[in-house]
$ cat run_33.cif   # mmCIF, C-alpha atoms and all ligand atoms
data_protein
loop_
_atom_site.label_atom_id
_atom_site.label_comp_id
_atom_site.auth_asym_id
_atom_site.auth_seq_id
_atom_site.Cartn_x
_atom_site.Cartn_y
_atom_site.Cartn_z
CA MET A 27 -17.14 21.01 24.86
CA TYR A 28 -18.62 19.99 21.51
CA LEU A 29 -15.29 18.87 20.12
CA GLU A 30 -15.22 16.01 22.62
CA GLN A 31 -18.65 14.88 21.42
CA LEU A 32 -17.52 14.96 17.81
CA LEU A 33 -14.43 12.94 18.67
CA THR A 34 -16.60 10.37 20.45
CA SER A 35 -18.88 10.14 17.40
CA LEU A 36 -15.88 9.69 15.14
CA TYR A 37 -14.60 6.91 17.41
CA GLU A 38 -17.99 5.18 17.20
CA LYS A 39 -18.00 5.56 13.43
CA PHE A 40 -14.51 4.02 13.10
CA ASN A 41 -15.12 1.25 15.60
CA GLY A 42 -18.85 0.56 15.53
CA ASP A 43 -20.91 -1.87 13.43
CA GLU A 44 -20.53 0.37 10.38
CA ARG A 45 -16.84 -0.49 10.41
CA SER A 46 -17.11 -4.21 11.04
CA GLY A 47 -15.62 -6.62 8.50
CA ILE A 48 -12.61 -5.99 6.30
CA HIS A 49 -12.50 -2.85 4.20
CA VAL A 50 -10.37 -2.29 1.13
CA SER A 51 -8.61 0.55 2.98
CA ASP A 52 -7.70 -1.84 5.84
CA LEU A 53 -5.64 -3.77 3.30
CA THR A 54 -4.35 -1.10 0.92
CA LEU A 55 -2.88 1.25 3.56
CA CYS A 56 -1.17 -0.48 6.51
CA PRO A 57 -2.96 -3.76 7.36
CA ARG A 58 -0.89 -4.04 10.54
CA LYS A 59 -2.13 -0.69 11.81
CA SER A 60 -5.71 -1.78 11.07
CA VAL A 61 -5.18 -4.92 13.14
CA TRP A 62 -3.86 -2.83 16.00
CA ARG A 63 -6.86 -0.52 15.77
CA LYS A 64 -9.24 -3.50 15.87
CA LEU A 65 -7.50 -5.21 18.79
CA ASN A 66 -7.00 -2.08 20.81
CA PRO A 67 -9.07 0.87 19.53
CA GLU A 68 -7.52 4.20 20.51
CA PRO A 69 -9.48 7.40 21.16
CA CYS A 70 -9.73 9.68 18.11
CA THR A 71 -7.62 12.83 18.12
CA PRO A 72 -8.38 16.30 16.67
CA ARG A 73 -5.88 15.35 13.94
CA ASP A 74 -8.08 12.36 12.99
CA LEU A 75 -11.10 14.65 12.96
CA ASN A 76 -9.29 17.14 10.76
CA PHE A 77 -8.47 14.44 8.19
CA PHE A 78 -11.97 13.05 8.34
CA SER A 79 -13.76 16.39 7.90
CA SER A 80 -11.56 17.72 5.09
CA GLY A 81 -11.65 14.39 3.25
CA ARG A 82 -15.37 14.18 3.74
CA SER A 83 -16.07 17.64 2.35
CA ILE A 84 -14.93 16.77 -1.18
CA HIS A 85 -16.83 13.46 -1.09
CA ASP A 86 -20.06 15.06 0.03
CA SER A 87 -19.96 18.01 -2.35
CA ILE A 88 -18.93 16.02 -5.43
CA GLN A 89 -21.51 13.35 -4.65
CA THR A 90 -24.22 15.97 -4.23
CA LEU A 91 -23.40 17.35 -7.68
CA ALA A 92 -23.16 13.89 -9.26
CA ASN A 93 -26.56 13.09 -7.79
CA HIS A 94 -28.02 15.56 -10.32
CA ASN A 95 -27.12 13.04 -13.00
CA LYS A 96 -28.43 9.83 -11.49
CA LYS A 97 -28.49 8.07 -14.85
CA LYS A 98 -24.74 8.41 -15.28
CA PHE A 99 -23.38 8.16 -11.73
CA GLU A 100 -23.90 5.83 -8.83
CA ILE A 101 -22.69 7.39 -5.60
CA GLU A 102 -21.11 5.49 -2.69
CA LYS A 103 -21.31 2.23 -4.59
CA GLU A 104 -21.00 -0.64 -2.16
CA LEU A 105 -18.66 -3.45 -3.10
CA SER A 106 -18.25 -6.83 -1.54
CA TRP A 107 -15.83 -9.49 -2.74
CA GLU A 108 -14.35 -12.50 -0.92
CA GLY A 109 -15.21 -10.99 2.46
CA ILE A 110 -13.67 -7.62 1.56
CA SER A 111 -15.95 -4.62 1.32
CA GLY A 112 -15.58 -1.07 0.11
CA HIS A 113 -17.41 2.04 -0.99
CA VAL A 114 -16.48 3.73 -4.23
CA ASP A 115 -17.14 7.47 -4.13
CA LEU A 116 -18.65 7.53 -7.63
CA VAL A 117 -19.07 5.08 -10.47
CA ASP A 118 -19.67 6.20 -14.03
CA THR A 119 -22.20 3.44 -14.65
CA GLU A 120 -22.31 3.96 -18.42
CA ASN A 121 -18.62 3.11 -18.72
CA ASN A 122 -18.02 1.13 -15.51
CA ILE A 123 -15.40 3.64 -14.35
CA PRO A 124 -14.85 4.05 -10.59
CA ILE A 125 -13.95 7.59 -9.49
CA GLU A 126 -12.25 8.30 -6.18
CA CYS A 127 -12.44 11.87 -4.84
CA LYS A 128 -9.58 13.03 -2.65
CA SER A 129 -8.33 16.27 -1.12
CA ALA A 130 -4.70 17.12 -0.50
CA ARG A 131 -3.04 19.96 1.41
CA VAL A 132 -0.86 20.95 -1.53
CA LYS A 133 -0.84 23.63 -4.20
CA THR A 134 -0.02 21.39 -7.15
CA MET A 135 0.12 17.67 -7.83
CA ASP A 136 1.90 16.42 -10.94
CA VAL A 137 2.07 12.80 -9.90
CA VAL A 138 -0.83 11.02 -8.27
CA LYS A 139 -0.17 9.71 -4.75
CA PRO A 140 0.49 5.94 -4.81
CA HIS A 141 -1.96 5.16 -2.00
CA TYR A 142 -4.79 6.83 -3.95
CA VAL A 143 -3.91 4.54 -6.85
CA SER A 144 -3.68 1.34 -4.82
CA GLN A 145 -7.13 1.91 -3.34
CA LEU A 146 -8.61 2.75 -6.74
CA LYS A 147 -6.93 -0.26 -8.36
CA ALA A 148 -8.45 -2.53 -5.73
CA TYR A 149 -11.89 -1.15 -6.65
CA MET A 150 -11.12 -1.47 -10.36
CA ALA A 151 -10.04 -5.10 -9.95
CA ILE A 152 -13.17 -5.96 -7.96
CA LEU A 153 -15.43 -4.17 -10.46
CA GLY A 154 -13.59 -5.55 -13.50
CA SER A 155 -12.87 -2.00 -14.74
CA LYS A 156 -9.83 -1.36 -16.87
CA THR A 157 -10.06 2.39 -16.31
CA GLY A 158 -10.53 4.45 -13.16
CA VAL A 159 -10.12 8.08 -12.18
CA VAL A 160 -8.74 9.90 -9.15
CA LEU A 161 -10.13 13.41 -8.77
CA VAL A 162 -8.08 15.52 -6.37
CA GLN A 163 -8.95 18.86 -4.82
CA LEU A 164 -5.79 20.87 -4.13
CA LEU A 165 -6.59 22.61 -0.88
CA MET A 166 -3.69 25.06 -1.05
CA HIS A 167 -4.37 26.16 -4.63
CA PHE A 168 -6.12 29.51 -4.62
CA ASP A 169 -6.00 30.21 -8.36
CA ASP A 170 -8.10 28.81 -11.16
CA LYS A 171 -6.96 25.17 -11.27
CA PRO A 172 -7.72 23.74 -7.83
CA PHE A 173 -8.63 20.28 -9.18
CA VAL A 174 -6.61 17.63 -11.02
CA GLU A 175 -7.79 14.36 -12.53
CA PHE A 176 -5.64 11.29 -13.06
CA GLU A 177 -6.76 8.48 -15.33
CA ILE A 178 -5.52 5.08 -14.17
CA THR A 179 -5.56 2.02 -16.39
CA MET A 180 -4.96 -1.67 -15.78
CA ASP A 181 -4.73 -4.73 -17.96
CA GLU A 182 -6.21 -8.14 -17.20
CA GLU A 183 -2.94 -9.42 -15.72
CA GLU A 184 -2.62 -6.51 -13.30
CA MET A 185 -6.24 -6.92 -12.24
CA ASN A 186 -5.53 -10.56 -11.35
CA THR A 187 -2.34 -9.65 -9.49
CA THR A 188 -4.20 -6.96 -7.54
CA LYS A 189 -6.87 -9.46 -6.51
CA GLN A 190 -4.22 -12.00 -5.43
CA LYS A 191 -2.52 -9.36 -3.29
CA LEU A 192 -5.82 -8.42 -1.64
CA LEU A 193 -6.50 -12.06 -0.81
CA LEU A 194 -3.00 -12.58 0.60
CA ASP A 195 -3.20 -9.43 2.72
CA LYS A 196 -6.63 -10.53 3.94
CA GLU A 197 -5.29 -13.94 4.94
CA PHE A 198 -2.47 -12.46 7.06
CA TYR A 199 -4.77 -9.77 8.43
CA LEU A 200 -7.23 -12.40 9.70
CA MET A 201 -4.42 -14.55 11.08
CA ALA A 202 -3.02 -11.53 12.95
CA LEU A 203 -6.44 -10.81 14.43
CA GLU A 204 -7.00 -14.41 15.41
CA LYS A 205 -3.58 -14.77 17.07
CA LYS A 206 -3.78 -11.22 18.46
CA ASP A 207 -0.39 -10.49 16.92
CA PRO A 208 -0.39 -7.42 14.62
CA MET A 209 3.15 -8.24 13.45
CA LEU A 210 1.75 -11.11 11.39
CA ALA A 211 0.01 -8.58 9.13
CA ARG A 212 1.89 -6.64 6.46
CA GLY A 213 3.57 -3.48 7.73
CA VAL A 214 4.84 -0.59 5.64
CA THR A 215 8.08 0.54 7.32
CA LYS A 216 10.03 -0.49 4.21
CA ASP A 217 7.47 0.55 1.63
CA LYS A 218 8.68 3.81 0.10
CA ASP A 219 5.17 4.68 -1.05
CA LEU A 220 3.57 4.20 2.34
CA ASP A 221 6.24 4.63 5.01
CA TRP A 222 4.98 8.19 5.65
CA LEU A 223 2.16 6.46 7.55
CA CYS A 224 4.74 5.40 10.16
CA ARG A 225 5.74 8.98 10.98
CA ASN A 226 2.90 9.63 13.40
CA CYS A 227 2.09 6.05 14.22
CA PRO A 228 2.16 5.07 17.91
CA HIS A 229 3.43 1.60 16.95
CA TYR A 230 6.55 2.71 15.13
CA ALA A 231 9.01 1.59 17.84
CA ASP A 232 7.41 -1.88 17.93
CA CYS A 233 7.56 -2.17 14.14
CA LEU A 234 11.21 -1.15 14.03
CA LYS A 235 12.03 -3.75 16.71
CA ASN A 236 10.19 -6.32 14.64
CA ASP A 237 12.17 -5.33 11.51
CA ILE A 238 15.45 -5.81 13.37
CA LYS A 239 14.27 -9.21 14.64
CA GLU A 240 13.29 -10.26 11.11
CA GLU A 241 16.60 -9.07 9.66
CA LYS A 242 18.53 -11.11 12.25
CA LYS A 243 16.43 -14.16 11.43
CA ASN A 244 17.28 -13.81 7.74
CA ASP A 245 21.03 -13.31 8.30
S1 LIG B 1 4.58 2.00 12.30
FE1 LIG B 1 4.17 1.85 10.13
S2 LIG B 1 4.19 -0.35 9.71
FE2 LIG B 1 3.94 -0.10 11.91
S3 LIG B 1 1.74 -0.13 12.24
FE3 LIG B 1 2.34 2.00 12.07
S4 LIG B 1 2.04 2.50 9.92
FE4 LIG B 1 2.07 0.28 10.08
#
$ encode --input "run_33.cif" --output "structure tokens" --more "lines below"
Ligand code: SF4
Amino acid sequence: MYLEQLLTSLYEKFNGDERSGIHVSDLTLCPRKSVWRKLNPEPCTPRDLNFFSSGRSIHDSIQTLANHNKKKFEIEKELSWEGISGHVDLVDTENNIPIECKSARVKTMDVVKPHYVSQLKAYMAILGSKTGVVLVQLLMHFDDKPFVEFEITMDEEEMNTTKQKLLLDKEFYLMALEKKDPMLARGVTKDKDLDWLCRNCPHYADCLKNDIKEEKKND
């Protein structure tokens, strides 16, 4: 009944004007999957809604609290660089430190997830920040330490490399869209930090076929 309406709204949010252009997350997760979604948007599933609502809850609550200190924090800071846009959850404006708020279905987290870091580093590079923070809510932790913070640092060289990678991914992403061929964009089947994205991806068989084709070409 109402679930269908929420799924339709989520679809419109992901595919409407709000989502036009290239977002940092289109490039830092799987650019190929983003191309597929743009060329052939699929209906949203309850699983998508589950991820959206649980991820959104930490954003909204942390941002509401940060809003009490408007002098120190800017919430949902909009970024735009070389045709790539993004929204940073919070920025400590006194120290130019972007803060990304995440939630994870785990009890503990000793090592920060690489895809949290790659998204934050993209924001850091665009903002020219040498320090950033990932704040994670541990959804399965029911004791007294349900949050962890990870400080991430970068030097000038890494900031430049990060920007170059964003530009390169953007170039192939746009080419893939123009030629209507998602395989031209970077995939993550062989990326040990991101291949978990392939597990529930409807395009996995196509990507594997493409990998085999590429391997044969390089033999
Ligand atoms: S299967 Fe993996 S590489 Fe292919 S589109 Fe999906 S997430 Fe990307």
$ residues_around --input "run_33.cif" --residues "Cys227 (chain A)" --least-positions-apart "5" --cutoff "12 Å" --atoms "all atoms listed in the file" --output "PyMOL selection string"
chain A and resi 56+58-60+62-63+68+213-215+221-222+232-234
$ closest_residue --input "run_33.cif" --among "A:Glu183, A:Glu204, A:Glu126, A:Asp52" --to "ligand LIG 1 (chain B)" --atoms "all atoms listed in the file"
A:Asp52
$ atom_distance --input "run_33.cif" --atom1 "CA of Leu116 (chain A)" --atom2 "atom S4 of ligand LIG 1 (chain B)"
27.6 Å
$ closest_residue --input "run_33.cif" --among "A:Asn236, A:Thr134, A:Ser35, A:Asn244" --to "ligand LIG 1 (chain B)" --atoms "all atoms listed in the file"
A:Asn236
$ closest_residue --input "run_33.cif" --among "A:His113, A:Lys133, A:Lys97, A:Lys243" --to "Val174 (chain A)" --atoms "only C-alpha atoms"
A:Lys133
$ build_atoms --input "run_33.cif" --residues "region 30-64 of chain A" --atoms "N, CA and C atoms" --output "PDB file, in the frame of the given file"
ATOM      1  N   GLU A  30     -15.294  17.330  21.995  1.00  0.00           N
ATOM      2  CA  GLU A  30     -15.220  16.010  22.620  1.00  0.00           C
ATOM      3  C   GLU A  30     -16.333  15.098  22.087  1.00  0.00           C
ATOM      4  N   GLN A  31     -17.524  15.688  21.920  1.00  0.00           N
ATOM      5  CA  GLN A  31     -18.650  14.880  21.420  1.00  0.00           C
ATOM      6  C   GLN A  31     -18.403  14.422  19.989  1.00  0.00           C
ATOM      7  N   LEU A  32     -17.812  15.335  19.196  1.00  0.00           N
ATOM      8  CA  LEU A  32     -17.520  14.960  17.810  1.00  0.00           C
ATOM      9  C   LEU A  32     -16.464  13.856  17.761  1.00  0.00           C
ATOM     10  N   LEU A  33     -15.482  13.969  18.643  1.00  0.00           N
ATOM     11  CA  LEU A  33     -14.430  12.940  18.670  1.00  0.00           C
ATOM     12  C   LEU A  33     -15.003  11.591  19.096  1.00  0.00           C
ATOM     13  N   THR A  34     -15.955  11.627  20.023  1.00  0.00           N
ATOM     14  CA  THR A  34     -16.600  10.370  20.450  1.00  0.00           C
ATOM     15  C   THR A  34     -17.396   9.781  19.280  1.00  0.00           C
ATOM     16  N   SER A  35     -18.105  10.635  18.545  1.00  0.00           N
ATOM     17  CA  SER A  35     -18.880  10.140  17.400  1.00  0.00           C
ATOM     18  C   SER A  35     -17.968   9.547  16.335  1.00  0.00           C
ATOM     19  N   LEU A  36     -16.818  10.196  16.144  1.00  0.00           N
ATOM     20  CA  LEU A  36     -15.880   9.690  15.140  1.00  0.00           C
ATOM     21  C   LEU A  36     -15.349   8.315  15.579  1.00  0.00           C
ATOM     22  N   TYR A  37     -15.061   8.191  16.867  1.00  0.00           N
ATOM     23  CA  TYR A  37     -14.600   6.910  17.410  1.00  0.00           C
ATOM     24  C   TYR A  37     -15.651   5.829  17.141  1.00  0.00           C
ATOM     25  N   GLU A  38     -16.914   6.171  17.400  1.00  0.00           N
ATOM     26  CA  GLU A  38     -17.990   5.180  17.200  1.00  0.00           C
ATOM     27  C   GLU A  38     -18.110   4.817  15.714  1.00  0.00           C
ATOM     28  N   LYS A  39     -17.906   5.818  14.872  1.00  0.00           N
ATOM     29  CA  LYS A  39     -18.000   5.560  13.430  1.00  0.00           C
ATOM     30  C   LYS A  39     -16.880   4.616  12.985  1.00  0.00           C
ATOM     31  N   PHE A  40     -15.656   4.859  13.499  1.00  0.00           N
ATOM     32  CA  PHE A  40     -14.510   4.020  13.100  1.00  0.00           C
ATOM     33  C   PHE A  40     -14.572   2.630  13.721  1.00  0.00           C
ATOM     34  N   ASN A  41     -15.201   2.527  14.872  1.00  0.00           N
ATOM     35  CA  ASN A  41     -15.120   1.250  15.600  1.00  0.00           C
ATOM     36  C   ASN A  41     -16.463   0.554  15.794  1.00  0.00           C
ATOM     37  N   GLY A  42     -17.534   1.152  15.332  1.00  0.00           N
ATOM     38  CA  GLY A  42     -18.850   0.560  15.530  1.00  0.00           C
ATOM     39  C   GLY A  42     -19.188  -0.449  14.444  1.00  0.00           C
ATOM     40  N   ASP A  43     -20.453  -0.842  14.382  1.00  0.00           N
ATOM     41  CA  ASP A  43     -20.910  -1.870  13.430  1.00  0.00           C
ATOM     42  C   ASP A  43     -20.616  -1.478  11.990  1.00  0.00           C
ATOM     43  N   GLU A  44     -20.741  -0.146  11.730  1.00  0.00           N
ATOM     44  CA  GLU A  44     -20.530   0.370  10.380  1.00  0.00           C
ATOM     45  C   GLU A  44     -19.156  -0.032   9.838  1.00  0.00           C
ATOM     46  N   ARG A  45     -18.221  -0.227  10.789  1.00  0.00           N
ATOM     47  CA  ARG A  45     -16.840  -0.490  10.410  1.00  0.00           C
ATOM     48  C   ARG A  45     -16.453  -1.954  10.617  1.00  0.00           C
ATOM     49  N   SER A  46     -17.465  -2.807  10.826  1.00  0.00           N
ATOM     50  CA  SER A  46     -17.110  -4.210  11.040  1.00  0.00           C
ATOM     51  C   SER A  46     -16.730  -4.832   9.698  1.00  0.00           C
ATOM     52  N   GLY A  47     -16.056  -5.974   9.741  1.00  0.00           N
ATOM     53  CA  GLY A  47     -15.620  -6.620   8.500  1.00  0.00           C
ATOM     54  C   GLY A  47     -14.305  -6.030   8.028  1.00  0.00           C
ATOM     55  N   ILE A  48     -13.889  -6.463   6.837  1.00  0.00           N
ATOM     56  CA  ILE A  48     -12.610  -5.990   6.300  1.00  0.00           C
ATOM     57  C   ILE A  48     -12.882  -5.028   5.150  1.00  0.00           C
ATOM     58  N   HIS A  49     -12.313  -3.843   5.253  1.00  0.00           N
ATOM     59  CA  HIS A  49     -12.500  -2.850   4.200  1.00  0.00           C
ATOM     60  C   HIS A  49     -11.268  -2.811   3.303  1.00  0.00           C
ATOM     61  N   VAL A  50     -11.497  -2.420   2.065  1.00  0.00           N
ATOM     62  CA  VAL A  50     -10.370  -2.290   1.130  1.00  0.00           C
ATOM     63  C   VAL A  50      -9.262  -1.436   1.751  1.00  0.00           C
ATOM     64  N   SER A  51      -9.641  -0.336   2.418  1.00  0.00           N
ATOM     65  CA  SER A  51      -8.610   0.550   2.980  1.00  0.00           C
ATOM     66  C   SER A  51      -7.836  -0.109   4.131  1.00  0.00           C
ATOM     67  N   ASP A  52      -8.443  -1.114   4.806  1.00  0.00           N
ATOM     68  CA  ASP A  52      -7.700  -1.840   5.840  1.00  0.00           C
ATOM     69  C   ASP A  52      -6.511  -2.570   5.206  1.00  0.00           C
ATOM     70  N   LEU A  53      -6.669  -2.961   3.950  1.00  0.00           N
ATOM     71  CA  LEU A  53      -5.640  -3.770   3.300  1.00  0.00           C
ATOM     72  C   LEU A  53      -4.717  -2.967   2.399  1.00  0.00           C
ATOM     73  N   THR A  54      -5.202  -1.829   1.874  1.00  0.00           N
ATOM     74  CA  THR A  54      -4.350  -1.100   0.920  1.00  0.00           C
ATOM     75  C   THR A  54      -3.464  -0.058   1.599  1.00  0.00           C
ATOM     76  N   LEU A  55      -3.781   0.341   2.837  1.00  0.00           N
ATOM     77  CA  LEU A  55      -2.880   1.250   3.560  1.00  0.00           C
ATOM     78  C   LEU A  55      -1.919   0.377   4.381  1.00  0.00           C
ATOM     79  N   CYS A  56      -2.020   0.415   5.711  1.00  0.00           N
ATOM     80  CA  CYS A  56      -1.170  -0.480   6.510  1.00  0.00           C
ATOM     81  C   CYS A  56      -2.058  -1.501   7.213  1.00  0.00           C
ATOM     82  N   PRO A  57      -2.108  -2.747   6.718  1.00  0.00           N
ATOM     83  CA  PRO A  57      -2.960  -3.760   7.360  1.00  0.00           C
ATOM     84  C   PRO A  57      -2.610  -3.958   8.833  1.00  0.00           C
ATOM     85  N   ARG A  58      -1.307  -3.825   9.150  1.00  0.00           N
ATOM     86  CA  ARG A  58      -0.890  -4.040  10.540  1.00  0.00           C
ATOM     87  C   ARG A  58      -1.521  -2.993  11.466  1.00  0.00           C
ATOM     88  N   LYS A  59      -1.540  -1.754  10.994  1.00  0.00           N
ATOM     89  CA  LYS A  59      -2.130  -0.690  11.810  1.00  0.00           C
ATOM     90  C   LYS A  59      -3.634  -0.942  12.002  1.00  0.00           C
ATOM     91  N   SER A  60      -4.272  -1.468  10.957  1.00  0.00           N
ATOM     92  CA  SER A  60      -5.710  -1.780  11.070  1.00  0.00           C
ATOM     93  C   SER A  60      -5.947  -2.865  12.101  1.00  0.00           C
ATOM     94  N   VAL A  61      -5.039  -3.852  12.144  1.00  0.00           N
ATOM     95  CA  VAL A  61      -5.180  -4.920  13.140  1.00  0.00           C
ATOM     96  C   VAL A  61      -5.053  -4.327  14.539  1.00  0.00           C
ATOM     97  N   TRP A  62      -4.064  -3.464  14.707  1.00  0.00           N
ATOM     98  CA  TRP A  62      -3.860  -2.830  16.000  1.00  0.00           C
ATOM     99  C   TRP A  62      -5.117  -2.071  16.431  1.00  0.00           C
ATOM    100  N   ARG A  63      -5.669  -1.336  15.462  1.00  0.00           N
ATOM    101  CA  ARG A  63      -6.860  -0.520  15.770  1.00  0.00           C
ATOM    102  C   ARG A  63      -8.032  -1.416  16.186  1.00  0.00           C
ATOM    103  N   LYS A  64      -8.139  -2.583  15.528  1.00  0.00           N
ATOM    104  CA  LYS A  64      -9.240  -3.500  15.870  1.00  0.00           C
ATOM    105  C   LYS A  64      -9.026  -4.133  17.238  1.00  0.00           C
TER     106      LYS A  64
END
